[in-house]
file target-v6.pdb (PDB, C-alpha atoms and all ligand atoms)
ATOM      1  CA  MET A  28      -9.770  49.318  -9.401
ATOM      2  CA  ILE A  29      -8.880  49.422  -5.708
ATOM      3  CA  ALA A  30     -10.964  47.606  -3.112
ATOM      4  CA  VAL A  31     -13.015  49.766  -0.771
ATOM      5  CA  VAL A  32     -13.440  48.593   2.796
ATOM      6  CA  GLN A  33     -11.293  49.326   5.798
ATOM      7  CA  GLY A  34      -7.837  49.106   7.192
ATOM      8  CA  SER A  35      -4.450  50.414   6.241
ATOM      9  CA  PRO A  36      -2.144  49.564   3.348
ATOM     10  CA  PRO A  37      -0.518  46.186   3.687
ATOM     11  CA  VAL A  38       2.828  47.443   2.541
ATOM     12  CA  GLY A  39       4.580  49.155   5.438
ATOM     13  CA  PHE A  40       7.449  50.574   3.438
ATOM     14  CA  LEU A  41       5.075  52.989   1.759
ATOM     15  CA  PHE A  42       5.113  54.973   4.970
ATOM     16  CA  ASN A  43       8.844  55.114   5.092
ATOM     17  CA  PRO A  44       9.553  58.784   5.995
ATOM     18  CA  HIS A  45      12.162  58.871   3.249
ATOM     19  CA  PHE A  46       9.516  59.452   0.713
ATOM     20  CA  THR A  47       6.528  60.656   2.597
ATOM     21  CA  ILE A  48       8.433  63.700   3.862
ATOM     22  CA  ARG A  49      10.231  64.479   0.661
ATOM     23  CA  ASN A  50       7.262  64.301  -1.637
ATOM     24  CA  GLY A  51       4.180  66.272  -0.704
ATOM     25  CA  PHE A  52       2.020  64.711  -3.352
ATOM     26  CA  ILE A  53       2.738  61.140  -2.373
ATOM     27  CA  HIS A  54       2.410  61.956   1.271
ATOM     28  CA  SER A  55      -1.046  63.475   0.949
ATOM     29  CA  PHE A  56      -2.203  60.804  -1.463
ATOM     30  CA  LEU A  57      -1.206  58.006   0.861
ATOM     31  CA  VAL A  58      -2.590  59.682   3.958
ATOM     32  CA  ASN A  59      -5.929  60.136   2.181
ATOM     33  CA  PHE A  60      -5.716  56.577   1.078
ATOM     34  CA  ARG A  61      -5.457  55.460   4.662
ATOM     35  CA  GLN A  62      -7.846  57.949   6.243
ATOM     36  CA  ASN A  63     -10.581  57.229   3.749
ATOM     37  CA  LYS A  64     -10.042  53.563   4.401
ATOM     38  CA  ILE A  65      -9.967  52.717   0.764
ATOM     39  CA  TRP A  66      -7.404  49.992   0.951
ATOM     40  CA  ASN A  67      -7.912  46.639   2.538
ATOM     41  CA  LEU A  68      -5.644  43.685   2.162
ATOM     42  CA  LYS A  69      -8.371  41.170   2.872
ATOM     43  CA  SER A  70     -10.711  42.422   0.182
ATOM     44  CA  SER A  71      -7.765  42.878  -2.194
ATOM     45  CA  ILE A  72      -6.769  39.274  -1.828
ATOM     46  CA  GLU A  73     -10.353  38.157  -2.319
ATOM     47  CA  ASN A  74     -10.379  40.190  -5.512
ATOM     48  CA  PRO A  75      -7.179  39.413  -7.460
ATOM     49  CA  ARG A  76      -7.853  42.105 -10.063
ATOM     50  CA  SER A  77      -7.979  44.854  -7.493
ATOM     51  CA  PHE A  78      -4.901  43.393  -5.799
ATOM     52  CA  ARG A  79      -2.974  43.514  -9.063
ATOM     53  CA  GLY A  80      -4.267  47.028  -9.706
ATOM     54  CA  GLY A  81      -3.096  48.063  -6.239
ATOM     55  CA  LEU A  82       0.349  46.585  -6.815
ATOM     56  CA  PHE A  83       0.574  48.424 -10.110
ATOM     57  CA  ILE A  84      -0.212  51.723  -8.417
ATOM     58  CA  ILE A  85       2.293  51.026  -5.640
ATOM     59  CA  GLY A  86       4.939  50.227  -8.279
ATOM     60  CA  ALA A  87       4.211  53.398 -10.245
ATOM     61  CA  MET A  88       4.256  55.556  -7.127
ATOM     62  CA  THR A  89       7.494  54.038  -5.890
ATOM     63  CA  LYS A  90       9.088  54.796  -9.248
ATOM     64  CA  MET A  91       7.697  58.329  -9.231
ATOM     65  CA  ALA A  92       9.109  58.953  -5.748
ATOM     66  CA  ASP A  93      12.478  57.656  -6.912
ATOM     67  CA  PHE A  94      12.539  60.081  -9.862
ATOM     68  CA  THR A  95      11.488  62.969  -7.619
ATOM     69  CA  GLU A  96      14.373  62.143  -5.321
ATOM     70  CA  ARG A  97      16.807  62.002  -8.275
ATOM     71  CA  ARG A  98      15.538  65.346  -9.567
ATOM     72  CA  LEU A  99      15.981  67.047  -6.207
ATOM     73  CA  ARG A 100      19.522  65.660  -5.978
ATOM     74  CA  MET A 101      20.225  66.857  -9.540
ATOM     75  CA  VAL A 102      19.010  70.383  -8.697
ATOM     76  CA  ARG A 103      21.022  70.478  -5.465
ATOM     77  CA  GLN A 104      24.122  69.843  -7.550
ATOM     78  CA  VAL A 105      23.199  72.481 -10.156
ATOM     79  CA  ARG A 106      22.776  74.961  -7.294
ATOM     80  CA  GLU A 107      26.141  73.949  -5.825
ATOM     81  CA  TYR A 108      27.731  74.630  -9.226
ATOM     82  CA  GLY A 109      26.546  78.233  -8.884
ATOM     83  CA  VAL A 110      23.168  78.568 -10.641
ATOM     84  CA  LYS A 111      20.979  80.917  -8.570
ATOM     85  CA  ASN A 112      17.883  81.701 -10.639
ATOM     86  CA  THR A 113      15.020  80.322  -8.560
ATOM     87  CA  ALA A 114      12.554  80.037 -11.455
ATOM     88  CA  ILE A 115      15.005  77.821 -13.377
ATOM     89  CA  LEU A 116      15.789  75.675 -10.343
ATOM     90  CA  ALA A 117      12.066  75.269  -9.592
ATOM     91  CA  ALA A 118      11.406  74.249 -13.205
ATOM     92  CA  MET A 119      14.178  71.659 -13.043
ATOM     93  CA  GLU A 120      12.700  70.251  -9.840
ATOM     94  CA  THR A 121       9.377  69.626 -11.541
ATOM     95  CA  VAL A 122      10.047  68.783 -15.214
ATOM     96  CA  PRO A 123      10.324  64.961 -15.476
ATOM     97  CA  ARG A 124      13.615  64.737 -17.398
ATOM     98  CA  HIS A 125      13.284  60.977 -17.926
ATOM     99  CA  PHE A 126      10.036  61.435 -19.917
ATOM    100  CA  PHE A 127      12.065  63.087 -22.683
ATOM    101  CA  MET A 128      14.347  60.133 -23.384
ATOM    102  CA  PRO A 129      13.372  58.434 -26.634
ATOM    103  CA  ARG A 130      12.702  54.710 -25.945
ATOM    104  CA  GLY A 131      15.645  52.403 -26.328
ATOM    105  CA  THR A 132      18.275  55.040 -25.580
ATOM    106  CA  GLU A 133      19.544  55.380 -21.996
ATOM    107  CA  SER A 134      18.006  53.958 -18.856
ATOM    108  CA  ASP A 135      15.534  56.361 -17.238
ATOM    109  CA  ALA A 136      17.631  56.744 -14.106
ATOM    110  CA  ALA A 137      20.825  57.648 -16.034
ATOM    111  CA  VAL A 138      19.360  60.904 -17.313
ATOM    112  CA  TYR A 139      19.494  62.469 -13.855
ATOM    113  CA  GLY A 140      23.280  62.058 -13.687
ATOM    114  CA  ASP A 141      25.745  64.927 -13.918
ATOM    115  CA  HIS A 142      26.618  64.305 -17.576
ATOM    116  CA  PRO A 143      25.157  64.591 -21.089
ATOM    117  CA  THR A 144      23.054  61.597 -22.215
ATOM    118  CA  GLN A 145      22.562  59.950 -25.628
ATOM    119  CA  ILE A 146      19.141  60.539 -27.207
ATOM    120  CA  GLY A 147      19.718  58.655 -30.478
ATOM    121  CA  PHE A 148      20.606  59.906 -34.000
ATOM    122  CA  GLY A 149      24.104  60.677 -32.670
ATOM    123  CA  GLN A 150      22.683  63.481 -30.487
ATOM    124  CA  THR A 151      22.764  64.171 -26.755
ATOM    125  CA  ILE A 152      20.708  65.937 -24.124
ATOM    126  CA  SER A 153      22.947  68.438 -22.306
ATOM    127  CA  GLN A 154      24.236  67.925 -18.787
ATOM    128  CA  PRO A 155      21.722  69.399 -16.283
ATOM    129  CA  PHE A 156      24.148  72.123 -15.187
ATOM    130  CA  ILE A 157      24.651  73.301 -18.783
ATOM    131  CA  VAL A 158      20.874  73.464 -19.350
ATOM    132  CA  ALA A 159      20.512  75.620 -16.233
ATOM    133  CA  TYR A 160      23.609  77.737 -16.901
ATOM    134  CA  MET A 161      22.661  78.582 -20.508
ATOM    135  CA  THR A 162      19.110  79.406 -19.473
ATOM    136  CA  GLU A 163      20.334  81.656 -16.673
ATOM    137  CA  LEU A 164      22.622  83.578 -19.059
ATOM    138  CA  LEU A 165      19.561  84.588 -21.096
ATOM    139  CA  LYS A 166      18.091  86.535 -18.122
ATOM    140  CA  LEU A 167      14.553  85.759 -19.277
ATOM    141  CA  GLU A 168      11.381  87.440 -18.034
ATOM    142  CA  PRO A 169       7.973  85.685 -17.841
ATOM    143  CA  SER A 170       6.713  87.868 -20.730
ATOM    144  CA  ASP A 171       9.600  86.910 -23.089
ATOM    145  CA  THR A 172       9.483  84.878 -26.285
ATOM    146  CA  VAL A 173      12.423  82.564 -26.889
ATOM    147  CA  LEU A 174      13.854  80.772 -29.897
ATOM    148  CA  GLU A 175      15.676  77.480 -29.398
ATOM    149  CA  ILE A 176      17.837  75.907 -32.086
ATOM    150  CA  GLY A 177      18.239  72.148 -31.571
ATOM    151  CA  THR A 178      15.085  70.812 -29.879
ATOM    152  CA  GLY A 179      16.628  67.361 -29.402
ATOM    153  CA  SER A 180      14.743  65.557 -26.647
ATOM    154  CA  GLY A 181      12.614  68.633 -25.810
ATOM    155  CA  TYR A 182      13.886  68.835 -22.219
ATOM    156  CA  GLN A 183      15.520  72.255 -22.560
ATOM    157  CA  THR A 184      12.380  73.416 -24.393
ATOM    158  CA  ALA A 185      10.257  72.404 -21.380
ATOM    159  CA  ILE A 186      12.488  74.295 -18.943
ATOM    160  CA  LEU A 187      12.190  77.420 -21.111
ATOM    161  CA  ALA A 188       8.418  76.949 -21.374
ATOM    162  CA  CYS A 189       8.150  77.031 -17.568
ATOM    163  CA  ILE A 190       9.830  80.406 -17.254
ATOM    164  CA  CYS A 191       8.767  82.471 -20.261
ATOM    165  CA  ARG A 192       5.731  83.185 -22.400
ATOM    166  CA  ASP A 193       6.368  81.270 -25.633
ATOM    167  CA  VAL A 194       9.087  78.975 -26.934
ATOM    168  CA  TYR A 195       9.743  78.410 -30.640
ATOM    169  CA  SER A 196      12.100  75.528 -31.310
ATOM    170  CA  VAL A 197      13.710  74.285 -34.527
ATOM    171  CA  GLU A 198      15.120  70.759 -34.941
ATOM    172  CA  VAL A 199      16.831  69.388 -38.037
ATOM    173  CA  VAL A 200      16.119  65.670 -37.346
ATOM    174  CA  PRO A 201      12.392  65.076 -38.017
ATOM    175  CA  GLN A 202      12.140  62.052 -35.695
ATOM    176  CA  LEU A 203      13.520  64.069 -32.780
ATOM    177  CA  ALA A 204      11.184  66.984 -33.525
ATOM    178  CA  ASP A 205       8.182  64.586 -33.559
ATOM    179  CA  HIS A 206       9.280  62.856 -30.386
ATOM    180  CA  ALA A 207       9.782  66.126 -28.501
ATOM    181  CA  ALA A 208       6.468  67.550 -29.746
ATOM    182  CA  ASN A 209       4.650  64.393 -28.562
ATOM    183  CA  VAL A 210       6.174  64.431 -25.103
ATOM    184  CA  LEU A 211       5.549  68.145 -24.642
ATOM    185  CA  GLU A 212       1.946  67.739 -25.731
ATOM    186  CA  LYS A 213       1.412  64.817 -23.332
ATOM    187  CA  LEU A 214       2.802  66.977 -20.537
ATOM    188  CA  ASN A 215       0.374  69.763 -21.531
ATOM    189  CA  TYR A 216       2.834  72.461 -22.541
ATOM    190  CA  SER A 217       0.648  74.816 -24.541
ATOM    191  CA  ASN A 218       3.236  77.575 -25.098
ATOM    192  CA  VAL A 219       5.706  75.524 -27.172
ATOM    193  CA  TYR A 220       5.949  75.463 -30.985
ATOM    194  CA  ILE A 221       8.297  73.026 -32.720
ATOM    195  CA  LYS A 222       9.191  72.709 -36.365
ATOM    196  CA  THR A 223      11.550  70.548 -38.373
ATOM    197  CA  GLY A 224      13.997  72.728 -40.260
ATOM    198  CA  ASP A 225      17.426  74.203 -40.530
ATOM    199  CA  GLY A 226      18.269  76.285 -37.476
ATOM    200  CA  TYR A 227      20.708  78.477 -39.447
ATOM    201  CA  ALA A 228      17.618  80.259 -40.802
ATOM    202  CA  GLY A 229      16.047  80.678 -37.343
ATOM    203  CA  TRP A 230      12.264  81.161 -37.343
ATOM    204  CA  SER A 231      11.875  84.683 -38.705
ATOM    205  CA  GLU A 232       8.059  84.770 -38.863
ATOM    206  CA  GLU A 233       7.754  84.601 -35.069
ATOM    207  CA  GLY A 234      10.619  86.927 -34.108
ATOM    208  CA  PRO A 235      12.099  89.096 -32.840
ATOM    209  CA  TYR A 236      13.016  87.105 -29.743
ATOM    210  CA  GLN A 237      14.162  88.352 -26.351
ATOM    211  CA  GLY A 238      16.285  85.220 -26.008
ATOM    212  CA  ILE A 239      17.864  82.738 -28.443
ATOM    213  CA  ILE A 240      19.495  79.542 -27.230
ATOM    214  CA  VAL A 241      21.489  77.311 -29.558
ATOM    215  CA  THR A 242      22.173  73.780 -28.309
ATOM    216  CA  CYS A 243      24.416  72.609 -31.159
ATOM    217  CA  ALA A 244      27.705  74.207 -32.188
ATOM    218  CA  PRO A 245      28.066  76.305 -35.388
ATOM    219  CA  GLU A 246      31.524  77.447 -36.519
ATOM    220  CA  SER A 247      30.466  81.055 -36.085
ATOM    221  CA  VAL A 248      27.310  82.774 -34.854
ATOM    222  CA  PRO A 249      24.674  82.533 -37.638
ATOM    223  CA  ARG A 250      23.896  86.014 -38.975
ATOM    224  CA  GLN A 251      20.154  85.336 -39.272
ATOM    225  CA  LEU A 252      19.907  84.547 -35.571
ATOM    226  CA  ILE A 253      21.467  87.898 -34.687
ATOM    227  CA  ASP A 254      18.953  89.589 -37.018
ATOM    228  CA  GLN A 255      16.046  87.852 -35.257
ATOM    229  CA  LEU A 256      17.165  88.991 -31.804
ATOM    230  CA  ALA A 257      15.163  91.859 -30.266
ATOM    231  CA  ASP A 258      16.993  94.916 -29.017
ATOM    232  CA  GLY A 259      17.981  94.220 -25.414
ATOM    233  CA  GLY A 260      17.872  90.458 -26.106
ATOM    234  CA  ARG A 261      20.559  87.798 -25.603
ATOM    235  CA  ILE A 262      21.853  84.814 -27.578
ATOM    236  CA  VAL A 263      23.701  81.980 -25.912
ATOM    237  CA  VAL A 264      25.538  79.768 -28.377
ATOM    238  CA  PRO A 265      28.435  77.274 -28.315
ATOM    239  CA  VAL A 266      30.846  78.184 -31.119
ATOM    240  CA  GLY A 267      33.702  76.211 -32.649
ATOM    241  CA  THR A 268      34.606  72.703 -33.744
ATOM    242  CA  ALA A 269      37.120  70.798 -31.597
ATOM    243  CA  ASP A 270      37.713  73.751 -29.306
ATOM    244  CA  GLN A 271      34.336  75.226 -28.435
ATOM    245  CA  ARG A 272      33.391  78.226 -26.316
ATOM    246  CA  LEU A 273      29.984  79.157 -24.997
ATOM    247  CA  LEU A 274      29.350  82.721 -26.166
ATOM    248  CA  LEU A 275      26.860  85.227 -24.830
ATOM    249  CA  LEU A 276      25.795  87.969 -27.229
ATOM    250  CA  HIS A 277      23.801  90.931 -25.941
ATOM    251  CA  LYS A 278      22.109  93.300 -28.395
ATOM    252  CA  THR A 279      21.908  96.890 -27.118
ATOM    253  CA  ASN A 280      20.948  99.802 -29.335
ATOM    254  CA  GLY A 281      21.550  97.609 -32.366
ATOM    255  CA  LYS A 282      25.109  96.773 -31.275
ATOM    256  CA  ILE A 283      26.314  93.329 -30.228
ATOM    257  CA  ILE A 284      28.391  92.896 -27.101
ATOM    258  CA  GLU A 285      30.021  89.475 -27.046
ATOM    259  CA  THR A 286      31.248  87.667 -23.925
ATOM    260  CA  SER A 287      33.044  84.352 -23.916
ATOM    261  CA  THR A 288      32.035  82.102 -21.010
ATOM    262  CA  LEU A 289      32.843  78.397 -20.484
ATOM    263  CA  PRO A 290      34.722  75.932 -22.678
ATOM    264  CA  VAL A 291      32.086  73.383 -23.774
ATOM    265  CA  ARG A 292      31.544  70.363 -26.014
ATOM    266  CA  PHE A 293      28.329  70.293 -28.077
ATOM    267  CA  VAL A 294      27.300  68.262 -31.118
ATOM    268  CA  PRO A 295      27.973  70.195 -34.362
ATOM    269  CA  MET A 296      25.282  72.342 -35.928
ATOM    270  CA  ILE A 297      24.556  70.495 -39.142
ATOM    271  CA  HIS A 298      24.381  72.274 -42.509
ATOM    272  CA  LYS A 299      21.250  71.015 -44.223
ATOM    273  CA  ASP A 300      21.453  71.330 -47.996
TER     274      ASP A 300
HETATM  275  N1  LIG B 401      18.358  71.004 -26.255
HETATM  276  C1  LIG B 401      18.437  69.598 -26.514
HETATM  277  C2  LIG B 401      19.840  69.186 -26.853
HETATM  278  C3  LIG B 401      19.860  68.647 -28.205
HETATM  279  S1  LIG B 401      21.433  68.218 -28.878
HETATM  280  C4  LIG B 401      17.865  68.769 -25.386
HETATM  281  O1  LIG B 401      17.505  69.329 -24.328
HETATM  282  O2  LIG B 401      17.722  67.568 -25.549
HETATM  283  C5  LIG B 401      21.492  69.312 -30.275
HETATM  284  C6  LIG B 401      20.370  69.170 -31.258
HETATM  285  O3  LIG B 401      20.635  70.084 -32.314
HETATM  286  C7  LIG B 401      20.258  67.795 -31.901
HETATM  287  O4  LIG B 401      18.965  67.299 -31.697
HETATM  288  C8  LIG B 401      20.527  68.055 -33.370
HETATM  289  O5  LIG B 401      19.780  67.233 -34.245
HETATM  290  C9  LIG B 401      20.131  69.519 -33.504
HETATM  291  N2  LIG B 401      20.710  70.212 -34.670
HETATM  292  C10 LIG B 401      21.941  70.066 -35.232
HETATM  293  N3  LIG B 401      22.076  70.884 -36.292
HETATM  294  C11 LIG B 401      20.914  71.592 -36.397
HETATM  295  C12 LIG B 401      20.438  72.577 -37.296
HETATM  296  N4  LIG B 401      21.173  73.043 -38.317
HETATM  297  N5  LIG B 401      19.194  73.074 -37.106
HETATM  298  C13 LIG B 401      18.412  72.637 -36.084
HETATM  299  N6  LIG B 401      18.807  71.679 -35.207
HETATM  300  C14 LIG B 401      20.041  71.164 -35.362
END
call {"tool": "encode", "arguments": {"input": "target-v6.pdb", "output": "structure tokens"}}
result
Amino acid sequence: MIAVVQGSPPVGFLFNPHFTIRNGFIHSFLVNFRQNKIWNLKSSIENPRSFRGGLFIIGAMTKMADFTERRLRMVRQVREYGVKNTAILAAMETVPRHFFMPRGTESDAAVYGDHPTQIGFGQTISQPFIVAYMTELLKLEPSDTVLEIGTGSGYQTAILACICRDVYSVEVVPQLADHAANVLEKLNYSNVYIKTGDGYAGWSEEGPYQGIIVTCAPESVPRQLIDQLADGGRIVVPVGTADQRLLLLHKTNGKIIETSTLPVRFVPMIHKD
């Protein structure tokens, strides 16, 4: 698609240090581009198709650099709020949060803001800090299997998939489950399993789980989720209606130790009948 002759890219701003320094991939790609002399304005202009192709690539790369920049800023803020787990922070630097927004919901750029974002069907993707904070509370190991209740956009699922062995996720809205499964497949996550169903029942066939994360709020902790938790495992779950609390439950020697953490506001956990 791109003309092959000599010279350097016609568009000087591509070498703006702002994005060559901050993004290793773009930097090396563009340097190769120039060193291999695979871009030439003259030949591009003589060949309008290659010129258009080149512009398309420049546009896509500019957008990609912008999202990388937004992600790094987002993670800086999450770190400032007190999240320390390096595996979680690294995952959040790489997972493209905007890919998970169903079309026609929010603008791509908005999803990197410090707030929850609408994903359609009256549901929201959690604020980046809450995603990181809940994940950190689970104290996951790379060999752990996790259950998520409330797949939603699939973003939280992707973060979990980066840091543990397998993620099982249950979503009550079929369209959201399909959307998340599609995005995760396109991004090549092979350790994620999603099903449409009622999260109150968990996913007993695949348990017990070392971690369970619930991203919608039940009125009390569902009994079946506690039963599907492995000994030594943790559940993080927002509980309540108007006045919600994020609870951490730790199972040790069959006993549950409950800790109340932050006040939060999650969408309700729906009872499917
Ligand atoms: N973790 C999600 C946040 C989703 S919001 C993300 O990163 O995008 C909470 C989700 O819980 C919604 O998608 C909602 O449809 C789902 N939900 C509500 N009640 C549920 C239930 N009983 N079982 C499974 N999912 C449920």
call {"tool": "closest_residue", "arguments": {"input": "target-v6.pdb", "among": "A:Gly226, A:Pro169, A:Pro290, A:Pro235", "to": "ligand LIG 401 (chain B)", "atoms": "all atoms listed in the file"}}
result
A:Gly226
call {"tool": "resolve_selection", "arguments": {"input": "target-v6.pdb", "expression": "the PyMOL selection byres (((chain A and resi 138-147) around 12) and not hetatm)", "output": "ChimeraX atom specification"}}
result
/A:93-105,108,119-120,122-137,148-158,178-182,200,202-203,206-207,291-294
call {"tool": "resolve_selection", "arguments": {"input": "target-v6.pdb", "expression": "the PyMOL selection byres (((chain A and resi 274) around 8) and not hetatm)", "output": "count of residues only"}}
result
14
call {"tool": "closest_residue", "arguments": {"input": "target-v6.pdb", "among": "A:Met88, A:Leu214, A:Val241, A:Ala117", "to": "Ser196 in chain A", "atoms": "all atoms listed in the file"}}
result
A:Val241
call {"tool": "closest_residue", "arguments": {"input": "target-v6.pdb", "among": "A:Gln271, A:Ser247, A:Asn218, A:Thr242", "to": "Met161 in chain A", "atoms": "all atoms listed in the file"}}
result
A:Thr242
call {"tool": "closest_residue", "arguments": {"input": "target-v6.pdb", "among": "A:Gly238, A:Gly109, A:Gly281, A:Gly224", "to": "ligand LIG 401 (chain B)", "atoms": "only C-alpha atoms and all ligand atoms"}}
result
A:Gly224
call {"tool": "atom_distance", "arguments": {"input": "target-v6.pdb", "atom1": "CA of Arg250 in chain A", "atom2": "CA of Gln183 in chain A"}}
result
23.0 Å
call {"tool": "closest_residue", "arguments": {"input": "target-v6.pdb", "among": "A:Val194, A:Val219, A:Ala228, A:Ala159", "to": "Glu175 in chain A", "atoms": "only C-alpha atoms"}}
result
A:Val194
call {"tool": "decode", "arguments": {"input": "target-v6.pdb", "residues": "range 283-297 of chain A", "atoms": "N, CA and C atoms", "output": "JSON list (two decimals), in the first residue's frame"}}
result
[["chain", "number", "residue", "atom", "x", "y", "z"],
["A", 283, "ILE", "N", -15.40, -17.30, 57.18],
["A", 283, "ILE", "CA", -15.36, -16.07, 56.38],
["A", 283, "ILE", "C", -15.03, -14.88, 57.27],
["A", 284, "ILE", "N", -13.98, -14.17, 56.86],
["A", 284, "ILE", "CA", -13.65, -12.93, 57.58],
["A", 284, "ILE", "C", -14.04, -11.78, 56.65],
["A", 285, "GLU", "N", -14.92, -10.91, 57.16],
["A", 285, "GLU", "CA", -15.47, -9.85, 56.31],
["A", 285, "GLU", "C", -14.87, -8.50, 56.70],
["A", 286, "THR", "N", -14.45, -7.74, 55.69],
["A", 286, "THR", "CA", -13.93, -6.38, 55.94],
["A", 286, "THR", "C", -14.70, -5.42, 55.06],
["A", 287, "SER", "N", -15.12, -4.31, 55.66],
["A", 287, "SER", "CA", -15.81, -3.30, 54.86],
["A", 287, "SER", "C", -14.78, -2.28, 54.40],
["A", 288, "THR", "N", -14.79, -1.96, 53.10],
["A", 288, "THR", "CA", -13.78, -1.01, 52.60],
["A", 288, "THR", "C", -14.46, 0.32, 52.24],
["A", 289, "LEU", "N", -14.51, 0.66, 50.96],
["A", 289, "LEU", "CA", -14.99, 2.00, 50.55],
["A", 289, "LEU", "C", -16.50, 2.07, 50.39],
["A", 290, "PRO", "N", -17.08, 3.26, 50.58],
["A", 290, "PRO", "CA", -18.46, 3.46, 50.11],
["A", 290, "PRO", "C", -18.41, 3.54, 48.58],
["A", 291, "VAL", "N", -19.37, 2.90, 47.91],
["A", 291, "VAL", "CA", -19.33, 2.85, 46.43],
["A", 291, "VAL", "C", -20.73, 3.02, 45.86],
["A", 292, "ARG", "N", -20.81, 3.12, 44.53],
["A", 292, "ARG", "CA", -22.13, 3.18, 43.89],
["A", 292, "ARG", "C", -22.07, 2.33, 42.61],
["A", 293, "PHE", "N", -22.66, 1.14, 42.69],
["A", 293, "PHE", "CA", -22.69, 0.22, 41.54],
["A", 293, "PHE", "C", -24.13, 0.04, 41.06],
["A", 294, "VAL", "N", -24.28, -0.43, 39.82],
["A", 294, "VAL", "CA", -25.62, -0.76, 39.34],
["A", 294, "VAL", "C", -26.12, -1.97, 40.14],
["A", 295, "PRO", "N", -27.45, -2.10, 40.33],
["A", 295, "PRO", "CA", -27.94, -3.23, 41.14],
["A", 295, "PRO", "C", -27.70, -4.58, 40.46],
["A", 296, "MET", "N", -27.54, -5.61, 41.27],
["A", 296, "MET", "CA", -27.46, -6.96, 40.74],
["A", 296, "MET", "C", -28.90, -7.44, 40.53],
["A", 297, "ILE", "N", -29.22, -7.68, 39.26],
["A", 297, "ILE", "CA", -30.60, -7.97, 38.88],
["A", 297, "ILE", "C", -30.98, -9.40, 39.27]]
